[in-house]
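Below is one structure, written out as structure tokens; the observations come after it.
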Amino acid sequence: MLKIKNLESGYGKLRVLRRVTMHVAEGEIVTIIGANGAGKTTLLSTISGLLKPSAGEIAFDKQDISRTPAEKVVFLGCSLVPEGRQVFSSMTVKENLVLGAYVHYRRNKRDHVKMGIDKVYGLFPILKEREKQIAGTLSGGEQQMLAIGRALMAEPRLIMMDEPSMGLAPLIVKDIFSIIVRLREEGNTVLLVEQNAKAALGIADRGYVLETGRIILQGTAEDLLSNKDVQRAYLGRDLDTETTL
């Protein structure tokens, strides 16, 4: 579904990604783990069209999207749940969800909007209870649910998530990761960026380790979990305390 070859990207003269090559097959959960500053957010921003690569190729369903504007990337079926949630804090829960469905309004498929909202409320019943509440007053976990729900409103086939566990309590993290598994079971493909390596690898099919803008390791989730270098660098002393799913 997604193929990346020798991708380079960054900010102005600052090169962050260095010849990144990876792929995501349809129906997979693939995780990218790495420390702060490794280039994980830059990678997702480049795939989603928010940043333009300086070199390399990005193909989504065999279509080159290397220079495709972010709005069109969403139209093609690829949505991003950004780091830090970034909900529209002065708008209600339902208004945030409706904004996520703008692709359906553009296609004059307004019936899909109601179906999308019903699906999101099925995944996150608490959002239905809060649908008239101002998004900025939600808890961190509820805002993360809303950010995921907003991305799902476009009916993506590939959903990318940037640090969905950030700042959340362990029980909420467990709920969020359970939802990610459910999304895959319902036909979505997921590209997951996470610092919580054990939780991410616990639900993923495969993973990549990104370090200073380069892919340094890749393999099945099971192989990466048992890799001593991964354990030392990304699991370490938190091995027994991170969320177990």
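Identifiers for the structure tokens are assigned positionally: chains receive A, B, ... in sequence, residues are indexed from 1 per chain, and ligands are indexed from 1 in the order shown.
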Determine which residues of stretch 17-218 of chain A receive a DSSP assignment of alpha helix (DSSP H), computed from the backbone, and state them as a CSV table (one decimal) with C-alpha atoms, in the first residue's frame.
chain,number,residue,atom,x,y,z
A,40,LYS,CA,9.6,10.2,13.2
A,41,THR,CA,7.3,13.2,13.0
A,42,THR,CA,9.2,14.5,10.0
A,43,LEU,CA,8.6,11.2,8.3
A,44,LEU,CA,4.9,11.3,8.8
A,45,SER,CA,4.7,15.0,7.8
A,46,THR,CA,6.5,14.2,4.6
A,47,ILE,CA,4.2,11.2,3.8
A,70,ALA,CA,-1.7,17.4,1.9
A,71,GLU,CA,-5.4,17.8,1.0
A,72,LYS,CA,-5.1,15.5,-1.9
A,73,VAL,CA,-3.3,12.9,0.1
A,74,VAL,CA,-6.3,12.8,2.4
A,75,PHE,CA,-8.6,12.5,-0.7
A,76,LEU,CA,-6.5,9.5,-1.8
A,93,VAL,CA,-16.7,17.5,19.7
A,94,LYS,CA,-19.2,17.0,16.9
A,95,GLU,CA,-18.0,20.1,15.1
A,96,ASN,CA,-14.4,18.7,15.2
A,97,LEU,CA,-15.7,15.4,13.6
A,98,VAL,CA,-17.7,17.2,10.9
A,99,LEU,CA,-14.5,19.1,9.9
A,100,GLY,CA,-12.8,15.8,9.5
A,102,TYR,CA,-14.7,17.7,4.5
A,103,VAL,CA,-13.7,15.3,1.8
A,104,HIS,CA,-17.3,14.0,1.8
A,105,TYR,CA,-18.7,17.5,1.4
A,106,ARG,CA,-16.4,18.1,-1.5
A,111,ASP,CA,-24.7,10.8,3.9
A,112,HIS,CA,-21.2,9.5,4.7
A,113,VAL,CA,-20.9,12.2,7.3
A,114,LYS,CA,-23.6,10.8,9.5
A,115,MET,CA,-22.3,7.3,9.0
A,116,GLY,CA,-18.9,8.4,9.9
A,117,ILE,CA,-20.0,10.1,13.1
A,118,ASP,CA,-22.0,7.0,14.1
A,119,LYS,CA,-18.9,4.8,13.5
A,120,VAL,CA,-16.7,7.1,15.6
A,121,TYR,CA,-19.3,7.1,18.4
A,122,GLY,CA,-19.4,3.3,18.2
A,123,LEU,CA,-15.6,3.2,18.7
A,125,PRO,CA,-18.9,6.0,23.2
A,126,ILE,CA,-17.6,8.8,25.5
A,127,LEU,CA,-17.5,11.1,22.6
A,128,LYS,CA,-21.2,10.7,22.0
A,129,GLU,CA,-21.8,11.7,25.6
A,140,GLY,CA,-6.1,14.3,27.4
A,141,GLY,CA,-7.4,10.8,26.6
A,142,GLU,CA,-10.7,12.1,25.3
A,143,GLN,CA,-8.9,14.6,23.1
A,144,GLN,CA,-6.8,11.7,21.7
A,145,MET,CA,-10.0,9.8,20.9
A,146,LEU,CA,-11.4,12.8,19.2
A,147,ALA,CA,-8.2,13.3,17.1
A,148,ILE,CA,-8.4,9.7,16.0
A,149,GLY,CA,-12.1,10.0,15.3
A,150,ARG,CA,-11.6,13.2,13.3
A,151,ALA,CA,-9.0,11.4,11.1
A,152,LEU,CA,-11.4,8.4,10.6
A,170,PRO,CA,-1.4,3.7,31.3
A,171,LEU,CA,-5.0,2.6,31.4
A,172,ILE,CA,-6.0,5.1,28.8
A,173,VAL,CA,-3.0,4.1,26.7
A,174,LYS,CA,-4.2,0.5,26.8
A,175,ASP,CA,-7.7,1.6,25.6
A,176,ILE,CA,-6.2,3.6,22.7
A,177,PHE,CA,-4.0,0.7,21.6
A,178,SER,CA,-7.0,-1.7,21.8
A,179,ILE,CA,-8.8,0.7,19.4
A,180,ILE,CA,-5.8,0.6,17.0
A,181,VAL,CA,-6.0,-3.2,16.9
A,182,ARG,CA,-9.8,-2.9,16.3
A,183,LEU,CA,-9.2,-0.5,13.4
A,184,ARG,CA,-7.0,-3.1,11.8
A,185,GLU,CA,-9.6,-5.8,12.3
A,197,ALA,CA,8.2,0.8,22.2
A,198,LYS,CA,6.9,-2.2,24.1
A,199,ALA,CA,3.2,-1.2,23.7
A,200,ALA,CA,3.7,-0.4,20.0
A,201,LEU,CA,5.5,-3.6,19.2
A,202,GLY,CA,3.0,-5.5,21.3
A,203,ILE,CA,0.3,-4.8,18.7
When you look at A:Thr137 with a cut-off of 12 Å (counting only C-alpha atoms), what residues show up, excluding the ones that are within fewer than 5 positions of it in the same chain? I need them as an mmCIF file with N, CA and C atoms, in the first residue's frame.
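Saved file part.cif follows:
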data_model
loop_
_atom_site.group_PDB
_atom_site.id
_atom_site.type_symbol
_atom_site.label_atom_id
_atom_site.label_comp_id
_atom_site.auth_asym_id
_atom_site.auth_seq_id
_atom_site.Cartn_x
_atom_site.Cartn_y
_atom_site.Cartn_z
ATOM 1 N N VAL A 87 -6.628 19.159 18.425
ATOM 2 C CA VAL A 87 -8.061 19.341 18.181
ATOM 3 C C VAL A 87 -8.361 20.830 18.108
ATOM 4 N N PHE A 88 -9.496 21.168 17.509
ATOM 5 C CA PHE A 88 -9.937 22.559 17.464
ATOM 6 C C PHE A 88 -10.594 22.868 18.807
ATOM 7 N N SER A 89 -9.821 23.475 19.694
ATOM 8 C CA SER A 89 -10.195 23.532 21.105
ATOM 9 C C SER A 89 -11.427 24.379 21.387
ATOM 10 N N SER A 90 -11.751 25.342 20.528
ATOM 11 C CA SER A 90 -12.902 26.214 20.780
ATOM 12 C C SER A 90 -14.188 25.683 20.147
ATOM 13 N N MET A 91 -14.100 24.537 19.484
ATOM 14 C CA MET A 91 -15.266 23.943 18.826
ATOM 15 C C MET A 91 -15.724 22.710 19.599
ATOM 16 N N THR A 92 -16.956 22.305 19.357
ATOM 17 C CA THR A 92 -17.480 21.138 20.050
ATOM 18 C C THR A 92 -16.895 19.852 19.467
ATOM 19 N N VAL A 93 -17.130 18.765 20.190
ATOM 20 C CA VAL A 93 -16.696 17.452 19.719
ATOM 21 C C VAL A 93 -17.284 17.156 18.347
ATOM 22 N N ARG A 130 -20.155 13.389 24.994
ATOM 23 C CA ARG A 130 -19.529 14.715 25.047
ATOM 24 C C ARG A 130 -19.726 15.514 23.765
ATOM 25 N N GLU A 131 -20.623 15.094 22.874
ATOM 26 C CA GLU A 131 -20.640 15.662 21.531
ATOM 27 C C GLU A 131 -20.894 17.177 21.510
ATOM 28 N N LYS A 132 -21.535 17.726 22.519
ATOM 29 C CA LYS A 132 -21.777 19.168 22.561
ATOM 30 C C LYS A 132 -20.769 19.910 23.427
ATOM 31 N N GLU A 142 -9.554 11.820 26.131
ATOM 32 C CA GLU A 142 -10.717 12.102 25.285
ATOM 33 C C GLU A 142 -10.320 12.906 24.054
ATOM 34 N N GLN A 143 -9.369 13.821 24.217
ATOM 35 C CA GLN A 143 -8.894 14.576 23.050
ATOM 36 C C GLN A 143 -8.181 13.657 22.060
#
Which of A:Phe60, A:Leu235, A:Leu7, A:Val230 sits closest to A:Leu217 [using only C-alpha atoms]: A:Val230
Of the listed residues A:Gly39, A:Pro82, A:Pro69, A:Gly187, that which approaches A:Leu14 most closely, counting only C-alpha atoms: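 Distance minimum relative to A:Leu14 lands on A:Gly39.
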Contacts of A:Asn6 within 12 Å, only C-alpha atoms, excl. fewer than 2 positions in-chain, as a PyMOL selection string: chain A and resi 3-4+8-9+17-23+43+53-59+66+213-215
All strand (DSSP E) residues (DSSP, backbone) inside stretch 1-237 of chain A, as a PyMOL selection string: chain A and resi 2-11+14-24+29-33+55-60+63-64+78-81+158-162+189-194+206-211+214-220
Å distance separating atom CA of A:Ile33 from atom CA of A:Glu186, one decimal place: 24.3 Å
